[in-house]
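Step one of this worksheet: look at the structure below.
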Amino acid sequence: MAALCRYAGSGACRLHTSSRAAATQHYKMLVLGGGSGGMAMGARMKRMLGAENVAIVEPSEMHYYQPLWTLVGAGAKTVASSGRPTSSMMPSGVKWVKSKVEEINPETKTVHTEDGTKISYEYLIVALGLQLHFEKIKGLPEGFEHPKIGSNYSVQTVEKTWMALQNFEKGNAVFSFPNTPVKCAGAPQKIMYLTDAFLRKTGKRSKANIIYNTSLPVLFGIKKYADSLWDVVKERDLKVNLRQNLIEVRADKQEAVFENLDKPEETTVLEYDMLHVTPPMGPNPVIKGSPLADEAGWLDVDKDNLQHKRYPNIFGIGDCTNLPTAKTAAAVAAQSAVLHQSIKRILKKEKPDKKYDGYTSCPLVTSYNTVILAEFDYNGQPLETFPMNQAKESRLMYHMKADVMPHLYWHGLVRGLWGGPAPYRKLLHLGMK
Ligand code: FAD
Ligand code: UQ1
């Protein structure tokens, strides 16, 4: 490649092509997205290659610890405590390209961003997350301008959940789960349990019908935990309707319209005094429109080593991928450790040898002081860290979720120092034997 590197020795070389004076930056390792997976990999790649060889493309000024939003929506944490400036998160010396990726061209090994920057790379890590689609529900997002409706799934709407919960008087409190893959599949029902607990605390529970309308045919995908959750639902008199998909919100009239996925003609209109919406979700449009996507639009990676199936210099992590496991930050942690090893070996022209087992986890918050800690692998087999039955509601696990996990995230995962609990699981279980 004919290139004139003005800043020799620095990662960012301006390359002048003969056809046009397009400014191009070049990095050995380019990371797309600065969320949980992008930050973790940026930090790990800095350690492996040196800061000057790494760049992260991320448009947002703020980085959010999304798992906290379950507790923010229930008034147990503040939204401010869930975010930090992206500038403070960037590994020092790593270049922050503060713009949105518009196009990835794996043939020319280049990326174009919204501000007109062209970046070439030797290796690419794609960590672009997934896309929320509130607009696929008729009446949204504009319905959020009305009270009584919220969603823990975005920073703009999470405090509206807490407002709706505090202002609940009597009637239906309705919770939805969409007909798409979602991140943290437990979160849509966690806020239902917290609502139940809050209404009991404030003496309003007897005036409330709490209704969970889910598109799924099950309450939770892993039987061991689903059995416990059904016990909780029965014990607390919560109503669960399966195969019900939210298609419209008439926020001015406080009505939610659901379709029955097993009987397409049948719709039900529910009047609500509180509505929590989990929006439909889908692949990131930048990936969907690129040669990197599988048929459904997700990043097409090898499930063992996270390398792209057709472009060996491209890797993926997190919610943007088609890894056949539940999309969580816990999964990102385990994936970051495997991807680190895969890349290390590939750079040495060796075959990756560490395999991702699909580890993922969902702390199912069932009240303001209890959690069922679901942990499982690709086969849906429980893979529990602690030597106790984690399907039982636990106060200790609530403390883990509310007080320990945020530290593990800010000081461990996003600094590339936390690769999931696997080593501790082995130790803890050994200790019990
Ligand atoms: P993200 O962290 O979402 O990062 C994607 C990044 O890509 C973002 O910073 C975004 O700005 C950036 N981006 C997008 N498009 C572009 C573009 N075109 N150009 C450049 N950058 C772009 N997980 C758990 O493990 N435990 C939990 O208890 C838990 N609870 C949750 C509760 C809620 C309410 C929510 C919403 C999520 C929860 N999660 C939980 C899931 C967890 O937050 C995600 O799975 C995790 O953040 C995924 O990391 P990621 O890097 O793949 O995506
Ligand atoms: C985890 O590693 C993680 O990422 C930091 C989470 O995201 C917030 C989690 O919710 C969980 C449960 C884990 C797994 C960690 C342990 C100690 C079980």
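Ordering of the structure tokens sets the chain letters (A, B, ...); residue numbers start at 1 within each chain; ligands are numbered from 1 in the order shown.
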
Report task. Check every protein, DNA and RNA residue against ligand 2, keep those with an atom at most 6 Å away (counting only C-alpha atoms and all ligand atoms), and present them as number ranges by chain. Result -> A: 67, 329-330, 333, 361-363, 385, 405, 408-409, 413, 420-421

Listing only residues of chain A within 8 Å of ligand 1, what is the closest atom pair and its distance in Å (to one decimal) for each, using only C-alpha atoms and all ligand atoms, sorted by chain and residue number ascending, as a Markdown table?
| residue | atom | partner | partner_atom_place_in_ligand_line | distance |
| --- | --- | --- | --- | --- |
| A:Leu32 | CA | ligand 1 | 20 (C) | 5.7 |
| A:Gly33 | CA | ligand 1 | 7 (O) | 3.7 |
| A:Gly34 | CA | ligand 1 | 9 (O) | 4.6 |
| A:Gly35 | CA | ligand 1 | 4 (O) | 3.2 |
| A:Ser36 | CA | ligand 1 | 51 (O) | 3.9 |
| A:Gly37 | CA | ligand 1 | 51 (O) | 3.6 |
| A:Gly38 | CA | ligand 1 | 51 (O) | 5.5 |
| A:Met39 | CA | ligand 1 | 51 (O) | 7.6 |
| A:Val57 | CA | ligand 1 | 20 (C) | 5.3 |
| A:Glu58 | CA | ligand 1 | 21 (N) | 4.2 |
| A:Pro59 | CA | ligand 1 | 20 (C) | 5.7 |
| A:Ser60 | CA | ligand 1 | 11 (O) | 5.4 |
| A:His63 | CA | ligand 1 | 9 (O) | 6.4 |
| A:Tyr64 | CA | ligand 1 | 2 (O) | 7.6 |
| A:Tyr65 | CA | ligand 1 | 43 (O) | 6.5 |
| A:Gln66 | CA | ligand 1 | 43 (O) | 4.4 |
| A:Pro67 | CA | ligand 1 | 30 (N) | 3.4 |
| A:Leu68 | CA | ligand 1 | 32 (C) | 6.5 |
| A:Trp69 | CA | ligand 1 | 34 (C) | 5.0 |
| A:Thr70 | CA | ligand 1 | 34 (C) | 5.1 |
| A:Ser99 | CA | ligand 1 | 20 (C) | 6.4 |
| A:Lys100 | CA | ligand 1 | 19 (N) | 3.6 |
| A:Val101 | CA | ligand 1 | 19 (N) | 3.7 |
| A:Glu102 | CA | ligand 1 | 18 (N) | 5.8 |
| A:Thr113 | CA | ligand 1 | 19 (N) | 7.4 |
| A:Ala127 | CA | ligand 1 | 51 (O) | 5.2 |
| A:Leu128 | CA | ligand 1 | 7 (O) | 3.7 |
| A:Gly129 | CA | ligand 1 | 53 (O) | 3.6 |
| A:Leu130 | CA | ligand 1 | 3 (O) | 6.4 |
| A:Gln131 | CA | ligand 1 | 14 (C) | 7.6 |
| A:Asn152 | CA | ligand 1 | 34 (C) | 4.7 |
| A:Tyr153 | CA | ligand 1 | 36 (C) | 4.2 |
| A:Ser154 | CA | ligand 1 | 36 (C) | 6.5 |
| A:Lys183 | CA | ligand 1 | 41 (C) | 5.1 |
| A:Cys184 | CA | ligand 1 | 39 (N) | 4.6 |
| A:Gly186 | CA | ligand 1 | 30 (N) | 7.6 |
| A:Ala187 | CA | ligand 1 | 32 (C) | 5.2 |
| A:Pro188 | CA | ligand 1 | 34 (C) | 7.7 |
| A:Asn284 | CA | ligand 1 | 15 (N) | 6.5 |
| A:Pro285 | CA | ligand 1 | 18 (N) | 7.7 |
| A:Val286 | CA | ligand 1 | 18 (N) | 6.0 |
| A:Ile317 | CA | ligand 1 | 52 (O) | 6.2 |
| A:Gly318 | CA | ligand 1 | 52 (O) | 3.4 |
| A:Asp319 | CA | ligand 1 | 52 (O) | 3.8 |
| A:Cys320 | CA | ligand 1 | 52 (O) | 5.8 |
| A:Thr321 | CA | ligand 1 | 52 (O) | 7.9 |
| A:Lys327 | CA | ligand 1 | 45 (O) | 4.8 |
| A:Thr328 | CA | ligand 1 | 45 (O) | 3.2 |
| A:Ala329 | CA | ligand 1 | 25 (O) | 3.4 |
| A:Ala330 | CA | ligand 1 | 25 (O) | 3.8 |
| A:Ala331 | CA | ligand 1 | 25 (O) | 6.4 |
| A:Val332 | CA | ligand 1 | 49 (O) | 6.2 |
| A:Thr360 | CA | ligand 1 | 25 (O) | 7.2 |
| A:Ser361 | CA | ligand 1 | 25 (O) | 5.8 |
| A:Cys362 | CA | ligand 1 | 26 (N) | 5.2 |
| A:Pro363 | CA | ligand 1 | 28 (O) | 5.2 |
| A:Leu364 | CA | ligand 1 | 28 (O) | 7.4 |
| A:Lys401 | CA | ligand 1 | 28 (O) | 7.2 |

Report task. Would you list the contacts of Pro312 in chain A as a PyMOL selection string, taking every protein, DNA or RNA residue within 10 Å and counting only C-alpha atoms, but skipping same-chain residues closer than 4 positions in sequence? Result -> chain A and resi 123-124+301+307-308+346

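Interatomic distance, CA of Asn213 in chain A against CA of Trp162 in chain A: 19.7 Å.
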
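With distances restricted to only C-alpha atoms, A:Val94 is the closest residue to Gly42 in chain A from A:Val72, A:Val174, A:Val94, A:Leu229.
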
Query - Proximity to Lys46 in chain A - best of A:Lys355, A:Arg84, A:Lys95, A:Lys148, only C-alpha atoms - result: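 Among A:Lys355, A:Arg84, A:Lys95, A:Lys148, it is A:Lys95 that comes nearest to Lys46 in chain A.
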
Query - Residue nearest Phe134 in chain A - candidates A:Ile314, A:Ala334, A:Val257, A:Leu246, atoms counted: only C-alpha atoms - result: A:Leu246

Query - Which of A:Val111, A:Ile125, A:Ile222, A:Ile149 sits closest to Gln381 in chain A [using only C-alpha atoms] - result: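 Nearest to Gln381 in chain A: A:Ile222.
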
Query raised in the report: If you count only C-alpha atoms, which residues fall within 12 Å of Pro217 in chain A, apart from same-chain ones fewer than 3 positions away, as a PyMOL selection string?
Result: chain A and resi 177-179+213-214+220-221+226+240-245+260-262

Please report, as a tab-separated table, each residue of range 42-90 of chain A lying at most 10 Å from range 194-206 of chain A, together with the nearest pair of atoms and the separation in Å rounded to one decimal; use only C-alpha atoms, and order rows by chain and ascending residue number.
residue	atom	partner	partner_atom	distance
A:Thr70	CA	A:Leu194	CA	8.9
A:Leu71	CA	A:Leu194	CA	8.5
A:Gly73	CA	A:Leu194	CA	9.1
A:Ala74	CA	A:Leu194	CA	6.3
A:Gly75	CA	A:Phe198	CA	9.4
A:Ala76	CA	A:Leu194	CA	9.7

**Report entry** Residues flagged strand (DSSP E or B) by DSSP in range 189-381 of chain A, as a PyMOL selection string
**Finding:** chain A and resi 208-214+239-241+244-250+255-260+263-271+274-276+281-283+293+299+301+307-308+314-316+321+327+360-365+371-376

Please, could you write that set of residues out with C-alpha atoms as a PDB file, in the first residue's frame?
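Here's the written file part_14.pdb:
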ATOM      1  CA  ALA A 208     -53.012  -4.166  42.141  1.00  0.00           C
ATOM      2  CA  ASN A 209     -53.196  -6.880  39.468  1.00  0.00           C
ATOM      3  CA  ILE A 210     -49.643  -7.634  38.416  1.00  0.00           C
ATOM      4  CA  ILE A 211     -49.532  -9.094  34.912  1.00  0.00           C
ATOM      5  CA  TYR A 212     -46.491 -10.437  32.990  1.00  0.00           C
ATOM      6  CA  ASN A 213     -47.310 -10.847  29.289  1.00  0.00           C
ATOM      7  CA  THR A 214     -44.482 -12.634  27.527  1.00  0.00           C
ATOM      8  CA  LYS A 239     -50.341 -13.385  36.642  1.00  0.00           C
ATOM      9  CA  VAL A 240     -48.210 -14.795  33.807  1.00  0.00           C
ATOM     10  CA  ASN A 241     -49.633 -15.013  30.279  1.00  0.00           C
ATOM     11  CA  GLN A 244     -48.612 -12.519  24.428  1.00  0.00           C
ATOM     12  CA  ASN A 245     -46.770  -9.891  22.354  1.00  0.00           C
ATOM     13  CA  LEU A 246     -47.122  -6.122  22.899  1.00  0.00           C
ATOM     14  CA  ILE A 247     -48.008  -4.492  19.541  1.00  0.00           C
ATOM     15  CA  GLU A 248     -49.493  -1.122  20.494  1.00  0.00           C
ATOM     16  CA  VAL A 249     -49.497   1.387  23.339  1.00  0.00           C
ATOM     17  CA  ARG A 250     -52.298   3.975  23.534  1.00  0.00           C
ATOM     18  CA  GLU A 255     -54.120   0.972  27.135  1.00  0.00           C
ATOM     19  CA  ALA A 256     -51.713  -1.734  25.978  1.00  0.00           C
ATOM     20  CA  VAL A 257     -52.609  -4.028  23.069  1.00  0.00           C
ATOM     21  CA  PHE A 258     -51.220  -7.565  22.895  1.00  0.00           C
ATOM     22  CA  GLU A 259     -51.452 -10.133  20.115  1.00  0.00           C
ATOM     23  CA  ASN A 260     -51.721 -13.843  20.841  1.00  0.00           C
ATOM     24  CA  LYS A 263     -53.836 -17.224  17.471  1.00  0.00           C
ATOM     25  CA  PRO A 264     -52.765 -14.361  15.168  1.00  0.00           C
ATOM     26  CA  GLU A 265     -56.271 -12.849  14.924  1.00  0.00           C
ATOM     27  CA  GLU A 266     -56.728 -12.576  18.685  1.00  0.00           C
ATOM     28  CA  THR A 267     -55.767  -9.319  20.404  1.00  0.00           C
ATOM     29  CA  THR A 268     -56.279  -8.252  24.020  1.00  0.00           C
ATOM     30  CA  VAL A 269     -56.514  -4.671  25.258  1.00  0.00           C
ATOM     31  CA  LEU A 270     -55.311  -4.145  28.839  1.00  0.00           C
ATOM     32  CA  GLU A 271     -55.926  -0.933  30.727  1.00  0.00           C
ATOM     33  CA  MET A 274     -48.317   1.160  35.174  1.00  0.00           C
ATOM     34  CA  LEU A 275     -46.711  -0.315  32.053  1.00  0.00           C
ATOM     35  CA  HIS A 276     -43.117  -1.550  31.766  1.00  0.00           C
ATOM     36  CA  MET A 281     -34.454  -5.792  19.763  1.00  0.00           C
ATOM     37  CA  GLY A 282     -32.405  -6.670  16.698  1.00  0.00           C
ATOM     38  CA  PRO A 283     -28.911  -6.651  15.223  1.00  0.00           C
ATOM     39  CA  ALA A 293     -23.627 -10.650   9.021  1.00  0.00           C
ATOM     40  CA  LEU A 299     -22.094 -10.913  13.446  1.00  0.00           C
ATOM     41  CA  VAL A 301     -18.572 -15.759  14.521  1.00  0.00           C
ATOM     42  CA  GLN A 307     -13.256 -15.429  15.201  1.00  0.00           C
ATOM     43  CA  HIS A 308     -15.350 -14.364  12.215  1.00  0.00           C
ATOM     44  CA  ILE A 314     -12.066 -10.055  12.409  1.00  0.00           C
ATOM     45  CA  PHE A 315     -13.447 -11.018  15.840  1.00  0.00           C
ATOM     46  CA  GLY A 316     -16.681 -10.394  17.715  1.00  0.00           C
ATOM     47  CA  THR A 321     -22.762 -11.599  17.739  1.00  0.00           C
ATOM     48  CA  LYS A 327     -26.781 -11.928  25.771  1.00  0.00           C
ATOM     49  CA  THR A 360     -23.733 -16.596  30.771  1.00  0.00           C
ATOM     50  CA  SER A 361     -25.468 -15.433  33.900  1.00  0.00           C
ATOM     51  CA  CYS A 362     -28.590 -13.605  34.967  1.00  0.00           C
ATOM     52  CA  PRO A 363     -29.080 -12.406  38.540  1.00  0.00           C
ATOM     53  CA  LEU A 364     -32.883 -12.717  38.780  1.00  0.00           C
ATOM     54  CA  VAL A 365     -33.796 -10.060  41.319  1.00  0.00           C
ATOM     55  CA  VAL A 371     -31.775 -12.893  43.969  1.00  0.00           C
ATOM     56  CA  ILE A 372     -31.868 -16.228  42.136  1.00  0.00           C
ATOM     57  CA  LEU A 373     -28.477 -16.353  40.411  1.00  0.00           C
ATOM     58  CA  ALA A 374     -28.925 -18.215  37.113  1.00  0.00           C
ATOM     59  CA  GLU A 375     -25.645 -19.308  35.485  1.00  0.00           C
ATOM     60  CA  PHE A 376     -25.541 -21.688  32.547  1.00  0.00           C
TER      61      PHE A 376
END
